[in-house]
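Okay, start12.cif is below, mmCIF, C-alpha atoms (C1' of nucleotides):
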data_my_file
#
loop_
_atom_site.label_atom_id
_atom_site.label_comp_id
_atom_site.auth_asym_id
_atom_site.auth_seq_id
_atom_site.Cartn_x
_atom_site.Cartn_y
_atom_site.Cartn_z
CA MET A 1 0.00 0.00 0.00
CA PHE A 2 2.60 2.51 1.15
CA SER A 3 6.23 2.44 0.07
CA LYS A 4 8.84 1.37 2.59
CA ALA A 5 10.04 4.98 2.63
CA CYS A 6 6.58 6.05 3.65
CA GLU A 7 6.24 3.38 6.32
CA TYR A 8 9.55 4.44 7.84
CA GLY A 9 8.58 8.09 7.63
CA ILE A 10 5.29 7.59 9.45
CA LYS A 11 6.82 5.39 12.14
CA ALA A 12 9.66 7.87 12.66
CA MET A 13 7.21 10.74 13.01
CA ILE A 14 5.10 8.88 15.53
CA TYR A 15 8.15 8.04 17.63
CA ILE A 16 9.55 11.57 17.48
CA ALA A 17 6.14 12.85 18.53
CA THR A 18 5.95 10.60 21.58
CA GLN A 19 9.32 11.96 22.67
CA SER A 20 8.39 15.54 21.93
CA LEU A 21 5.41 15.06 24.22
CA ASN A 22 8.09 14.59 26.91
CA HIS A 23 10.00 17.59 25.60
CA THR A 24 12.77 15.24 24.53
CA ARG A 25 14.64 15.84 21.32
CA VAL A 26 15.79 12.61 19.64
CA LYS A 27 18.77 11.67 17.49
CA ILE A 28 18.43 9.69 14.31
CA GLY A 29 19.96 6.62 15.98
CA ASP A 30 17.21 6.63 18.60
CA VAL A 31 14.55 7.07 15.98
CA ALA A 32 15.83 4.13 13.96
CA LYS A 33 16.19 1.92 17.00
CA ASN A 34 12.77 2.69 18.41
CA SER A 35 10.87 2.53 15.17
CA GLY A 36 12.55 -0.61 13.86
CA SER A 37 13.77 0.99 10.65
CA PRO A 38 17.16 1.25 8.93
CA GLU A 39 19.01 4.28 10.24
CA ALA A 40 20.55 5.76 7.10
CA PHE A 41 17.38 5.38 5.08
CA THR A 42 15.26 6.86 7.83
CA ALA A 43 17.68 9.77 8.05
CA LYS A 44 17.20 10.48 4.38
CA ILE A 45 13.43 10.44 4.72
CA LEU A 46 13.49 12.69 7.77
CA GLY A 47 15.59 15.11 5.72
CA LEU A 48 12.76 15.23 3.23
CA LEU A 49 10.15 15.75 5.93
CA THR A 50 12.29 18.48 7.45
CA LYS A 51 12.30 20.33 4.14
CA HIS A 52 8.53 20.07 4.08
CA ASN A 53 8.41 21.59 7.59
CA ILE A 54 6.68 18.50 8.89
CA VAL A 55 9.36 17.89 11.47
CA ASN A 56 11.99 20.16 12.99
CA SER A 57 15.71 19.35 13.05
CA LEU A 58 18.70 20.86 14.80
CA LYS A 59 22.30 20.11 13.92
CA GLY A 60 25.22 19.75 16.27
CA PRO A 61 25.56 18.47 19.83
CA TYR A 62 22.24 18.25 21.64
CA GLY A 63 20.63 18.41 18.23
CA GLY A 64 18.15 15.98 16.77
CA PHE A 65 14.51 15.92 15.75
CA GLU A 66 11.43 17.31 17.42
CA ILE A 67 7.88 18.31 16.63
CA ASP A 68 6.20 21.03 18.55
CA LEU A 69 2.97 20.26 20.24
CA LEU A 70 0.83 22.61 18.23
CA ARG A 71 2.21 21.37 14.93
CA MET A 72 1.77 17.77 16.00
CA LYS A 73 -1.95 18.31 16.37
CA GLN A 74 -2.18 19.83 12.90
CA ILE A 75 -0.13 17.35 10.89
CA LYS A 76 -2.28 14.75 9.21
CA ILE A 77 -0.89 11.42 8.06
CA SER A 78 -1.96 12.42 4.57
CA GLU A 79 0.67 15.18 4.57
CA ILE A 80 3.43 12.73 5.36
CA VAL A 81 2.25 10.30 2.72
CA PHE A 82 1.99 13.09 0.18
CA ALA A 83 5.47 14.41 0.96
CA ILE A 84 7.03 10.98 0.47
CA ASP A 85 4.86 9.07 -2.01
CA GLY A 86 3.19 11.95 -3.83
CA ASP A 87 -0.45 11.88 -4.82
CA SER A 88 -0.51 8.53 -6.61
CA ILE A 89 -2.40 6.94 -3.75
CA TYR A 90 -5.16 9.51 -4.13
CA ASN A 91 -5.26 10.01 -7.87
CA GLY A 92 -3.64 7.01 -9.52
CA CYS A 93 -5.87 4.70 -11.54
CA ALA A 94 -6.29 1.20 -10.12
CA LEU A 95 -5.34 -0.26 -13.50
CA GLY A 96 -2.62 2.27 -14.27
CA LEU A 97 -4.44 4.23 -16.97
CA SER A 98 -2.97 7.70 -17.32
CA GLU A 99 -6.35 9.21 -18.01
CA CYS A 100 -9.05 7.61 -15.92
CA ASN A 101 -11.97 9.73 -14.80
CA ASN A 102 -15.74 9.83 -14.67
CA ASP A 103 -15.94 10.50 -18.41
CA LYS A 104 -13.58 7.73 -19.42
CA PRO A 105 -13.34 5.41 -16.45
CA CYS A 106 -11.34 2.22 -16.28
CA PRO A 107 -13.45 -0.85 -15.58
CA MET A 108 -12.77 -0.64 -11.85
CA HIS A 109 -13.05 3.14 -11.50
CA ASP A 110 -16.34 3.50 -9.63
CA ARG A 111 -15.75 0.58 -7.32
CA PHE A 112 -12.24 1.75 -6.56
CA LEU A 113 -13.28 5.33 -5.95
CA LYS A 114 -15.35 4.31 -2.96
CA VAL A 115 -12.44 2.52 -1.29
CA ARG A 116 -10.01 5.28 -2.01
CA THR A 117 -12.30 7.98 -0.73
CA GLU A 118 -12.45 6.15 2.55
CA LEU A 119 -8.66 5.74 2.64
CA LYS A 120 -8.18 9.40 1.87
CA HIS A 121 -10.65 10.44 4.53
CA MET A 122 -8.90 8.28 7.09
CA LEU A 123 -5.48 9.74 6.28
CA GLU A 124 -6.81 13.29 6.27
CA THR A 125 -8.49 13.04 9.64
CA THR A 126 -5.76 11.25 11.58
CA THR A 127 -3.10 13.40 13.24
CA ILE A 128 0.37 12.50 14.42
CA TYR A 129 -0.69 13.64 17.87
CA GLU A 130 -3.48 11.07 18.00
CA LEU A 131 -1.25 8.21 16.95
CA ALA A 132 1.53 9.31 19.31
CA THR A 133 -0.74 9.52 22.35
CA GLU A 134 -2.24 6.13 21.57
CA LEU A 135 1.25 4.64 21.28
CA LYS A 136 2.38 6.32 24.48
CA SER A 137 -0.56 5.00 26.42
CA GLY A 138 0.28 1.47 25.35
CA ASN A 139 -2.63 0.99 22.99
CA SER A 140 -0.33 0.23 20.09
CA VAL A 141 3.25 -0.71 19.27
CA LEU A 142 5.79 0.48 16.69
CA MET A 143 7.86 -2.65 16.46
CA LYS A 144 6.99 -6.24 15.66
CA MET B 1 -1.92 -0.01 -4.83
CA PHE B 2 -1.49 -2.97 -7.15
CA SER B 3 1.80 -3.95 -8.76
CA LYS B 4 2.23 -3.36 -12.47
CA ALA B 5 2.11 -7.12 -12.93
CA CYS B 6 -1.29 -7.15 -11.29
CA GLU B 7 -2.60 -4.21 -13.30
CA TYR B 8 -1.55 -5.94 -16.51
CA GLY B 9 -3.05 -9.21 -15.35
CA ILE B 10 -6.44 -7.70 -14.56
CA LYS B 11 -6.58 -5.72 -17.80
CA ALA B 12 -5.58 -8.78 -19.82
CA MET B 13 -8.27 -10.88 -18.16
CA ILE B 14 -10.94 -8.28 -18.82
CA TYR B 15 -9.97 -8.03 -22.48
CA ILE B 16 -9.81 -11.79 -22.96
CA ALA B 17 -13.23 -12.04 -21.32
CA THR B 18 -14.81 -9.52 -23.70
CA GLN B 19 -13.52 -11.58 -26.61
CA SER B 20 -14.61 -14.86 -25.08
CA LEU B 21 -18.11 -13.38 -24.85
CA ASN B 22 -17.90 -13.34 -28.67
CA HIS B 23 -16.46 -16.84 -28.68
CA THR B 24 -13.20 -15.42 -29.94
CA ARG B 25 -9.90 -16.81 -28.75
CA VAL B 26 -7.14 -14.18 -28.61
CA LYS B 27 -3.39 -14.25 -29.09
CA ILE B 28 -0.99 -12.59 -26.70
CA GLY B 29 -0.23 -9.87 -29.26
CA ASP B 30 -3.90 -8.89 -29.37
CA VAL B 31 -4.15 -8.90 -25.62
CA ALA B 32 -1.13 -6.62 -25.25
CA LYS B 33 -2.31 -4.27 -27.97
CA ASN B 34 -5.85 -3.99 -26.67
CA SER B 35 -5.00 -3.67 -23.02
CA GLY B 36 -2.12 -1.24 -23.47
CA SER B 37 0.44 -3.42 -21.75
CA PRO B 38 3.90 -4.74 -22.70
CA GLU B 39 3.54 -7.99 -24.61
CA ALA B 40 6.29 -10.15 -23.14
CA PHE B 41 5.51 -9.16 -19.58
CA THR B 42 1.81 -9.73 -20.08
CA ALA B 43 2.61 -13.15 -21.55
CA LYS B 44 4.51 -14.10 -18.45
CA ILE B 45 1.66 -13.03 -16.19
CA LEU B 46 -0.90 -14.89 -18.28
CA GLY B 47 1.29 -17.95 -17.93
CA LEU B 48 0.95 -17.61 -14.19
CA LEU B 49 -2.81 -17.15 -14.39
CA THR B 50 -3.04 -20.18 -16.67
CA LYS B 51 -1.29 -22.28 -14.04
CA HIS B 52 -3.86 -21.07 -11.53
CA ASN B 53 -6.66 -22.14 -13.88
CA ILE B 54 -7.92 -18.60 -14.00
CA VAL B 55 -7.59 -18.43 -17.77
CA ASN B 56 -7.33 -21.12 -20.42
CA SER B 57 -4.57 -21.28 -23.00
CA LEU B 58 -4.01 -23.32 -26.16
CA LYS B 59 -0.72 -23.62 -27.97
CA GLY B 60 -0.15 -23.80 -31.69
CA PRO B 61 -1.92 -22.30 -34.70
CA TYR B 62 -5.40 -21.04 -33.85
CA GLY B 63 -4.31 -21.14 -30.23
CA GLY B 64 -4.46 -18.31 -27.74
CA PHE B 65 -6.30 -17.41 -24.55
CA GLU B 66 -9.93 -17.78 -23.60
CA ILE B 67 -12.16 -17.91 -20.55
CA ASP B 68 -15.31 -19.91 -20.59
CA LEU B 69 -18.52 -18.15 -19.78
CA LEU B 70 -19.29 -20.08 -16.63
CA ARG B 71 -15.81 -19.57 -15.22
CA MET B 72 -15.89 -15.90 -16.08
CA LYS B 73 -18.90 -15.42 -13.83
CA GLN B 74 -17.14 -17.18 -10.95
CA ILE B 75 -13.73 -15.55 -11.05
CA LYS B 76 -13.44 -12.66 -8.64
CA ILE B 77 -10.85 -9.93 -9.05
CA SER B 78 -9.53 -10.97 -5.66
CA GLU B 79 -8.39 -14.30 -7.12
CA ILE B 80 -6.36 -12.57 -9.80
CA VAL B 81 -4.80 -10.20 -7.29
CA PHE B 82 -4.01 -13.07 -4.96
CA ALA B 83 -2.43 -15.17 -7.73
CA ILE B 84 -0.13 -12.32 -8.74
CA ASP B 85 0.49 -10.18 -5.66
CA GLY B 86 -0.22 -12.69 -2.91
CA ASP B 87 -2.09 -11.78 0.23
CA SER B 88 -0.07 -8.73 1.25
CA ILE B 89 -2.89 -6.43 0.25
CA TYR B 90 -5.22 -8.23 2.63
CA ASN B 91 -2.94 -9.07 5.51
CA GLY B 92 0.06 -6.77 5.33
CA CYS B 93 0.45 -4.17 8.08
CA ALA B 94 0.13 -0.55 6.98
CA LEU B 95 3.42 0.26 8.68
CA GLY B 96 5.20 -2.95 7.71
CA LEU B 97 5.21 -4.64 11.11
CA SER B 98 5.58 -8.39 10.75
CA GLU B 99 3.26 -9.02 13.67
CA CYS B 100 0.40 -6.59 13.74
CA ASN B 101 -2.95 -7.76 15.07
CA ASN B 102 -5.69 -6.86 17.48
CA ASP B 103 -3.53 -7.81 20.46
CA LYS B 104 -0.48 -5.86 19.37
CA PRO B 105 -1.69 -3.41 16.75
CA CYS B 106 0.43 -0.85 14.98
CA PRO B 107 -0.74 2.72 15.56
CA MET B 108 -2.78 2.69 12.36
CA HIS B 109 -4.18 -0.81 12.67
CA ASP B 110 -7.84 -0.12 13.50
CA ARG B 111 -8.20 2.77 11.11
CA PHE B 112 -6.55 0.80 8.34
CA LEU B 113 -8.62 -2.30 8.93
CA LYS B 114 -11.78 -0.48 8.01
CA VAL B 115 -10.40 0.65 4.65
CA ARG B 116 -8.93 -2.70 3.85
CA THR B 117 -12.08 -4.58 4.69
CA GLU B 118 -13.90 -2.44 2.18
CA LEU B 119 -11.20 -3.03 -0.45
CA LYS B 120 -11.31 -6.75 0.18
CA HIS B 121 -15.08 -6.83 -0.05
CA MET B 122 -14.99 -4.95 -3.32
CA LEU B 123 -12.43 -7.32 -4.85
CA GLU B 124 -14.29 -10.38 -3.60
CA THR B 125 -17.63 -9.37 -5.02
CA THR B 126 -16.56 -8.16 -8.44
CA THR B 127 -16.35 -10.74 -11.22
CA ILE B 128 -14.45 -10.64 -14.48
CA TYR B 129 -17.79 -11.10 -16.22
CA GLU B 130 -19.18 -7.92 -14.72
CA LEU B 131 -16.16 -5.85 -15.71
CA ALA B 132 -16.07 -7.38 -19.19
CA THR B 133 -19.74 -6.67 -19.92
CA GLU B 134 -19.39 -3.11 -18.68
CA LEU B 135 -16.38 -2.63 -20.92
CA LYS B 136 -18.14 -4.19 -23.89
CA SER B 137 -21.16 -1.97 -23.50
CA GLY B 138 -18.91 1.10 -23.62
CA ASN B 139 -19.29 2.07 -19.99
CA SER B 140 -15.55 1.89 -19.45
CA VAL B 141 -12.24 1.79 -21.31
CA LEU B 142 -9.06 -0.27 -20.97
CA MET B 143 -6.61 2.19 -22.50
CA LYS B 144 -5.79 5.78 -21.65
"C1'" DT C 1 5.75 -35.78 -41.68
"C1'" DT C 2 6.86 -31.20 -42.29
"C1'" DT C 3 5.97 -26.49 -41.53
"C1'" DA C 4 4.12 -22.53 -39.45
"C1'" DT C 5 2.09 -20.69 -35.40
"C1'" DT C 6 1.39 -20.25 -30.99
"C1'" DT C 7 2.19 -20.52 -25.68
"C1'" DA C 8 5.86 -21.89 -21.95
"C1'" DA C 9 9.88 -21.18 -19.52
"C1'" DG C 10 14.00 -19.45 -18.24
"C1'" DA C 11 17.97 -16.29 -18.94
"C1'" DT C 12 19.06 -11.74 -19.21
"C1'" DA C 13 18.62 -6.64 -19.03
"C1'" DA C 14 16.78 -2.20 -17.48
"C1'" DA C 15 14.56 0.63 -14.18
"C1'" DT C 16 13.12 1.66 -9.73
"C1'" DT C 17 13.21 1.26 -4.92
"C1'" DT C 18 15.62 0.35 -0.94
"C1'" DG C 19 19.58 0.86 1.57
"C1'" DT C 20 24.59 2.36 2.90
"C1'" DC C 21 28.58 5.30 3.19
"C1'" DC C 22 31.22 9.28 3.57
"C1'" DG C 23 32.52 13.98 3.60
"C1'" DA C 24 30.56 18.72 4.34
"C1'" DA C 25 28.06 21.95 7.07
"C1'" DT C 26 26.38 23.41 11.44
"C1'" DT C 27 26.50 24.16 16.19
"C1'" DA C 28 27.14 23.69 21.29
"C1'" DA C 29 30.49 23.33 24.76
"C1'" DA C 30 35.10 23.31 26.51
"C1'" DT D 1 38.99 28.85 18.69
"C1'" DT D 2 39.05 24.12 18.81
"C1'" DT D 3 36.63 19.88 19.28
"C1'" DA D 4 32.97 16.74 19.23
"C1'" DA D 5 28.34 15.73 17.94
"C1'" DT D 6 24.98 16.01 15.02
"C1'" DT D 7 22.11 16.61 10.57
"C1'" DC D 8 22.65 17.27 5.36
"C1'" DG D 9 23.68 15.88 0.77
"C1'" DG D 10 25.17 13.29 -2.72
"C1'" DA D 11 27.53 9.23 -4.46
"C1'" DC D 12 27.34 4.55 -4.38
"C1'" DA D 13 25.50 -0.38 -3.77
"C1'" DA D 14 22.05 -3.98 -3.29
"C1'" DA D 15 17.59 -5.80 -3.95
"C1'" DT D 16 13.35 -5.98 -6.18
"C1'" DT D 17 10.31 -5.14 -9.85
"C1'" DT D 18 9.57 -4.47 -14.53
"C1'" DA D 19 10.57 -5.72 -19.07
"C1'" DT D 20 12.80 -8.19 -23.01
"C1'" DC D 21 14.85 -11.97 -25.57
"C1'" DT D 22 15.60 -16.58 -26.96
"C1'" DT D 23 14.78 -21.28 -27.21
"C1'" DA D 24 11.76 -25.16 -26.37
"C1'" DA D 25 7.34 -27.47 -26.54
"C1'" DA D 26 2.90 -28.18 -28.46
"C1'" DT D 27 -0.34 -28.38 -32.13
"C1'" DA D 28 -3.07 -27.57 -36.38
"C1'" DA D 29 -2.94 -27.75 -41.23
"C1'" DA D 30 -0.85 -28.84 -45.55
#
Can I see the file as structure tokens?
Amino acid sequence: MFSKACEYGIKAMIYIATQSLNHTRVKIGDVAKNSGSPEAFTAKILGLLTKHNIVNSLKGPYGGFEIDLLRMKQIKISEIVFAIDGDSIYNGCALGLSECNNDKPCPMHDRFLKVRTELKHMLETTTIYELATELKSGNSVLMK
Amino acid sequence: MFSKACEYGIKAMIYIATQSLNHTRVKIGDVAKNSGSPEAFTAKILGLLTKHNIVNSLKGPYGGFEIDLLRMKQIKISEIVFAIDGDSIYNGCALGLSECNNDKPCPMHDRFLKVRTELKHMLETTTIYELATELKSGNSVLMK
DNA sequence: TTTATTTAAGATAAATTTGTCCGAATTAAA
DNA sequence: TTTAATTCGGACAAATTTATCTTAAATAAA
């Protein structure tokens, strides 16, 4: 469904958020370790998210990643997915047609639209804050 | 969402079905041309679907691919997806955790389950026959 | 039986995604 | 100002997916 890059990005964001709730800034090594993702690859993805102002980074000693509380309540999972995977998940045709719309739909268009609308709605109404608080309270886990 | 292999497989099946409705057996070249997919790759995927008894093939002159009418009404899109992409789309965790379930859910588990259940239901209730008749009647198109 | 036509199967190649490595830039503290 | 710790950026490498090519096997017709 999502690319690996996207999975790592979301997991990293959730972990950083849980730590930011404690006012703790985290280094990339911590992020990788606590989200069960490869460090160098996760670093690259966080660089991308930093550029998109989805997460905040500071270089040097005592540096690392953080998300401020206000921002954390605004950021929807859809923004992370969009920054990493683009809009293919929202607009791509199920059968890969480059032009697939209500006028000239692929055979699965209508049926697929319903599923995707629900997916989109879910991603657009779920915040990093929600997922982070649920994780923190032990209602979910980040690692297998 | 689906792999390219899966997209090609579904499109090929729909096209073959429209021709089988006319009692016309089709060669791989026709399939590729009329479904807008690469010929050799589509051939390989149809080989896989043939092994799974999802489509019927005949070698030699006047050979090609066909689906009999009865079978066409039984085959669900889910079977094609499963034959090509496996069950990852149904069982894979949104965040890639190897063990993600109700007991130890990833942070997106519940929200994702809802979307996936709908996707699964859609794939399990749509037959090749339905998609082929809709295509044949001009309600949809296979090529951009 | 020979020939032409078709799918089958496996080797190979190209493209994309996933992943690592290393040096540069930044910055806090000594 | 020097040093150490950190992210940043780009080159590189590995793995997977996508795609092609070539030869074999099957089969219908002449």
Cα-based least-squares overlay of chain B on chain A, as a compact mmCIF listing (two decimals) with C-alpha atoms, keeping the file's coordinate frame:
# COMPACT_ATOMS: atom_id res chain seq x y z
CA MET B 1 -0.01 0.01 0.02
CA PHE B 2 2.59 2.52 1.15
CA SER B 3 6.22 2.44 0.06
CA LYS B 4 8.84 1.40 2.58
CA ALA B 5 10.03 4.99 2.61
CA CYS B 6 6.57 6.07 3.66
CA GLU B 7 6.23 3.38 6.31
CA TYR B 8 9.54 4.45 7.81
CA GLY B 9 8.56 8.09 7.62
CA ILE B 10 5.27 7.60 9.44
CA LYS B 11 6.82 5.41 12.14
CA ALA B 12 9.65 7.89 12.65
CA MET B 13 7.21 10.77 13.00
CA ILE B 14 5.10 8.90 15.53
CA TYR B 15 8.15 8.04 17.62
CA ILE B 16 9.56 11.56 17.48
CA ALA B 17 6.13 12.85 18.52
CA THR B 18 5.96 10.60 21.58
CA GLN B 19 9.33 11.96 22.67
CA SER B 20 8.39 15.54 21.93
CA LEU B 21 5.41 15.05 24.23
CA ASN B 22 8.08 14.58 26.93
CA HIS B 23 10.00 17.57 25.62
CA THR B 24 12.76 15.23 24.53
CA ARG B 25 14.64 15.83 21.31
CA VAL B 26 15.80 12.60 19.64
CA LYS B 27 18.77 11.65 17.50
CA ILE B 28 18.43 9.67 14.30
CA GLY B 29 19.96 6.61 15.97
CA ASP B 30 17.21 6.61 18.59
CA VAL B 31 14.54 7.06 15.98
CA ALA B 32 15.83 4.12 13.93
CA LYS B 33 16.20 1.90 16.97
CA ASN B 34 12.78 2.67 18.39
CA SER B 35 10.87 2.51 15.16
CA GLY B 36 12.56 -0.61 13.82
CA SER B 37 13.77 0.99 10.63
CA PRO B 38 17.17 1.27 8.90
CA GLU B 39 19.03 4.29 10.22
CA ALA B 40 20.53 5.80 7.08
CA PHE B 41 17.36 5.41 5.06
CA THR B 42 15.25 6.86 7.84
CA ALA B 43 17.67 9.79 8.04
CA LYS B 44 17.19 10.53 4.39
CA ILE B 45 13.41 10.46 4.72
CA LEU B 46 13.49 12.70 7.78
CA GLY B 47 15.58 15.11 5.75
CA LEU B 48 12.76 15.24 3.24
CA LEU B 49 10.14 15.76 5.94
CA THR B 50 12.28 18.50 7.47
CA LYS B 51 12.30 20.33 4.14
CA HIS B 52 8.52 20.08 4.12
CA ASN B 53 8.39 21.60 7.61
CA ILE B 54 6.68 18.51 8.90
CA VAL B 55 9.37 17.89 11.49
CA ASN B 56 12.01 20.14 13.00
CA SER B 57 15.70 19.32 13.06
CA LEU B 58 18.72 20.82 14.81
CA LYS B 59 22.31 20.07 13.94
CA GLY B 60 25.23 19.73 16.29
CA PRO B 61 25.60 18.44 19.85
CA TYR B 62 22.28 18.22 21.66
CA GLY B 63 20.66 18.40 18.25
CA GLY B 64 18.17 15.96 16.80
CA PHE B 65 14.52 15.90 15.75
CA GLU B 66 11.44 17.29 17.42
CA ILE B 67 7.88 18.29 16.63
CA ASP B 68 6.22 21.03 18.55
CA LEU B 69 2.98 20.25 20.27
CA LEU B 70 0.84 22.62 18.25
CA ARG B 71 2.21 21.37 14.95
CA MET B 72 1.78 17.77 16.01
CA LYS B 73 -1.95 18.32 16.40
CA GLN B 74 -2.18 19.84 12.91
CA ILE B 75 -0.14 17.38 10.89
CA LYS B 76 -2.29 14.77 9.21
CA ILE B 77 -0.91 11.44 8.07
CA SER B 78 -1.97 12.43 4.58
CA GLU B 79 0.66 15.19 4.56
CA ILE B 80 3.42 12.73 5.37
CA VAL B 81 2.23 10.30 2.72
CA PHE B 82 1.98 13.09 0.17
CA ALA B 83 5.47 14.42 0.96
CA ILE B 84 7.02 10.99 0.47
CA ASP B 85 4.85 9.08 -2.00
CA GLY B 86 3.17 11.95 -3.82
CA ASP B 87 -0.46 11.87 -4.81
CA SER B 88 -0.51 8.52 -6.60
CA ILE B 89 -2.42 6.94 -3.75
CA TYR B 90 -5.17 9.51 -4.14
CA ASN B 91 -5.27 10.02 -7.88
CA GLY B 92 -3.64 7.01 -9.50
CA CYS B 93 -5.87 4.69 -11.53
CA ALA B 94 -6.29 1.18 -10.13
CA LEU B 95 -5.33 -0.28 -13.50
CA GLY B 96 -2.61 2.25 -14.29
CA LEU B 97 -4.43 4.21 -16.99
CA SER B 98 -2.96 7.68 -17.35
CA GLU B 99 -6.36 9.18 -18.03
CA CYS B 100 -9.04 7.59 -15.93
CA ASN B 101 -11.97 9.72 -14.81
CA ASN B 102 -15.73 9.80 -14.68
CA ASP B 103 -15.95 10.45 -18.42
CA LYS B 104 -13.59 7.68 -19.44
CA PRO B 105 -13.33 5.38 -16.45
CA CYS B 106 -11.33 2.19 -16.28
CA PRO B 107 -13.45 -0.88 -15.57
CA MET B 108 -12.75 -0.64 -11.85
CA HIS B 109 -13.03 3.12 -11.51
CA ASP B 110 -16.33 3.49 -9.62
CA ARG B 111 -15.73 0.56 -7.31
CA PHE B 112 -12.23 1.75 -6.56
CA LEU B 113 -13.27 5.32 -5.94
CA LYS B 114 -15.34 4.30 -2.97
CA VAL B 115 -12.43 2.52 -1.29
CA ARG B 116 -10.01 5.28 -2.02
CA THR B 117 -12.29 7.99 -0.73
CA GLU B 118 -12.44 6.15 2.55
CA LEU B 119 -8.65 5.76 2.64
CA LYS B 120 -8.19 9.42 1.87
CA HIS B 121 -10.66 10.45 4.54
CA MET B 122 -8.90 8.30 7.09
CA LEU B 123 -5.48 9.76 6.28
CA GLU B 124 -6.82 13.30 6.28
CA THR B 125 -8.48 13.06 9.65
CA THR B 126 -5.77 11.28 11.59
CA THR B 127 -3.11 13.42 13.25
CA ILE B 128 0.37 12.51 14.41
CA TYR B 129 -0.70 13.64 17.87
CA GLU B 130 -3.49 11.10 18.01
CA LEU B 131 -1.25 8.23 16.94
CA ALA B 132 1.52 9.32 19.30
CA THR B 133 -0.75 9.52 22.36
CA GLU B 134 -2.24 6.13 21.57
CA LEU B 135 1.23 4.67 21.28
CA LYS B 136 2.38 6.33 24.48
CA SER B 137 -0.57 5.01 26.43
CA GLY B 138 0.29 1.47 25.34
CA ASN B 139 -2.64 1.00 23.00
CA SER B 140 -0.33 0.26 20.10
CA VAL B 141 3.25 -0.69 19.26
CA LEU B 142 5.78 0.50 16.69
CA MET B 143 7.88 -2.65 16.44
CA LYS B 144 6.97 -6.23 15.64
List the spatial neighbours of B:Leu119 as a ChimeraX atom specification - criterion: any atom at most 12 Å away, only C-alpha atoms (C1' of nucleotides), same-chain residues fewer than 2 positions off excluded. /A:1,94,108,111-119 /B:1-2,77-78,81,89-91,112-117,121-126
Dump as a ChimeraX atom specification the residues of chain D that approach chain A to within 6 Å, counting all atoms listed in the file. /D:5-7
Run through the PyMOL selection byres ((chain C) within 8 of (chain B)) on the given coordinates and return the selected residues as an MDAnalysis selection string. chainID C and resid 4:8
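When the PyMOL selection byres ((chain A) within 7 of (chain B)) is evaluated against the file, it yields Met1, Glu7, Ala94, Leu95, Gly96, Leu97, Ser98, Glu99, Cys100, Lys104, Pro105, Cys106, Pro107, Arg111, Val115, Glu118, Leu119, Met122, Leu131, Leu135, Ser140, Val141, Leu142, Met143 and Lys144 of chain A.
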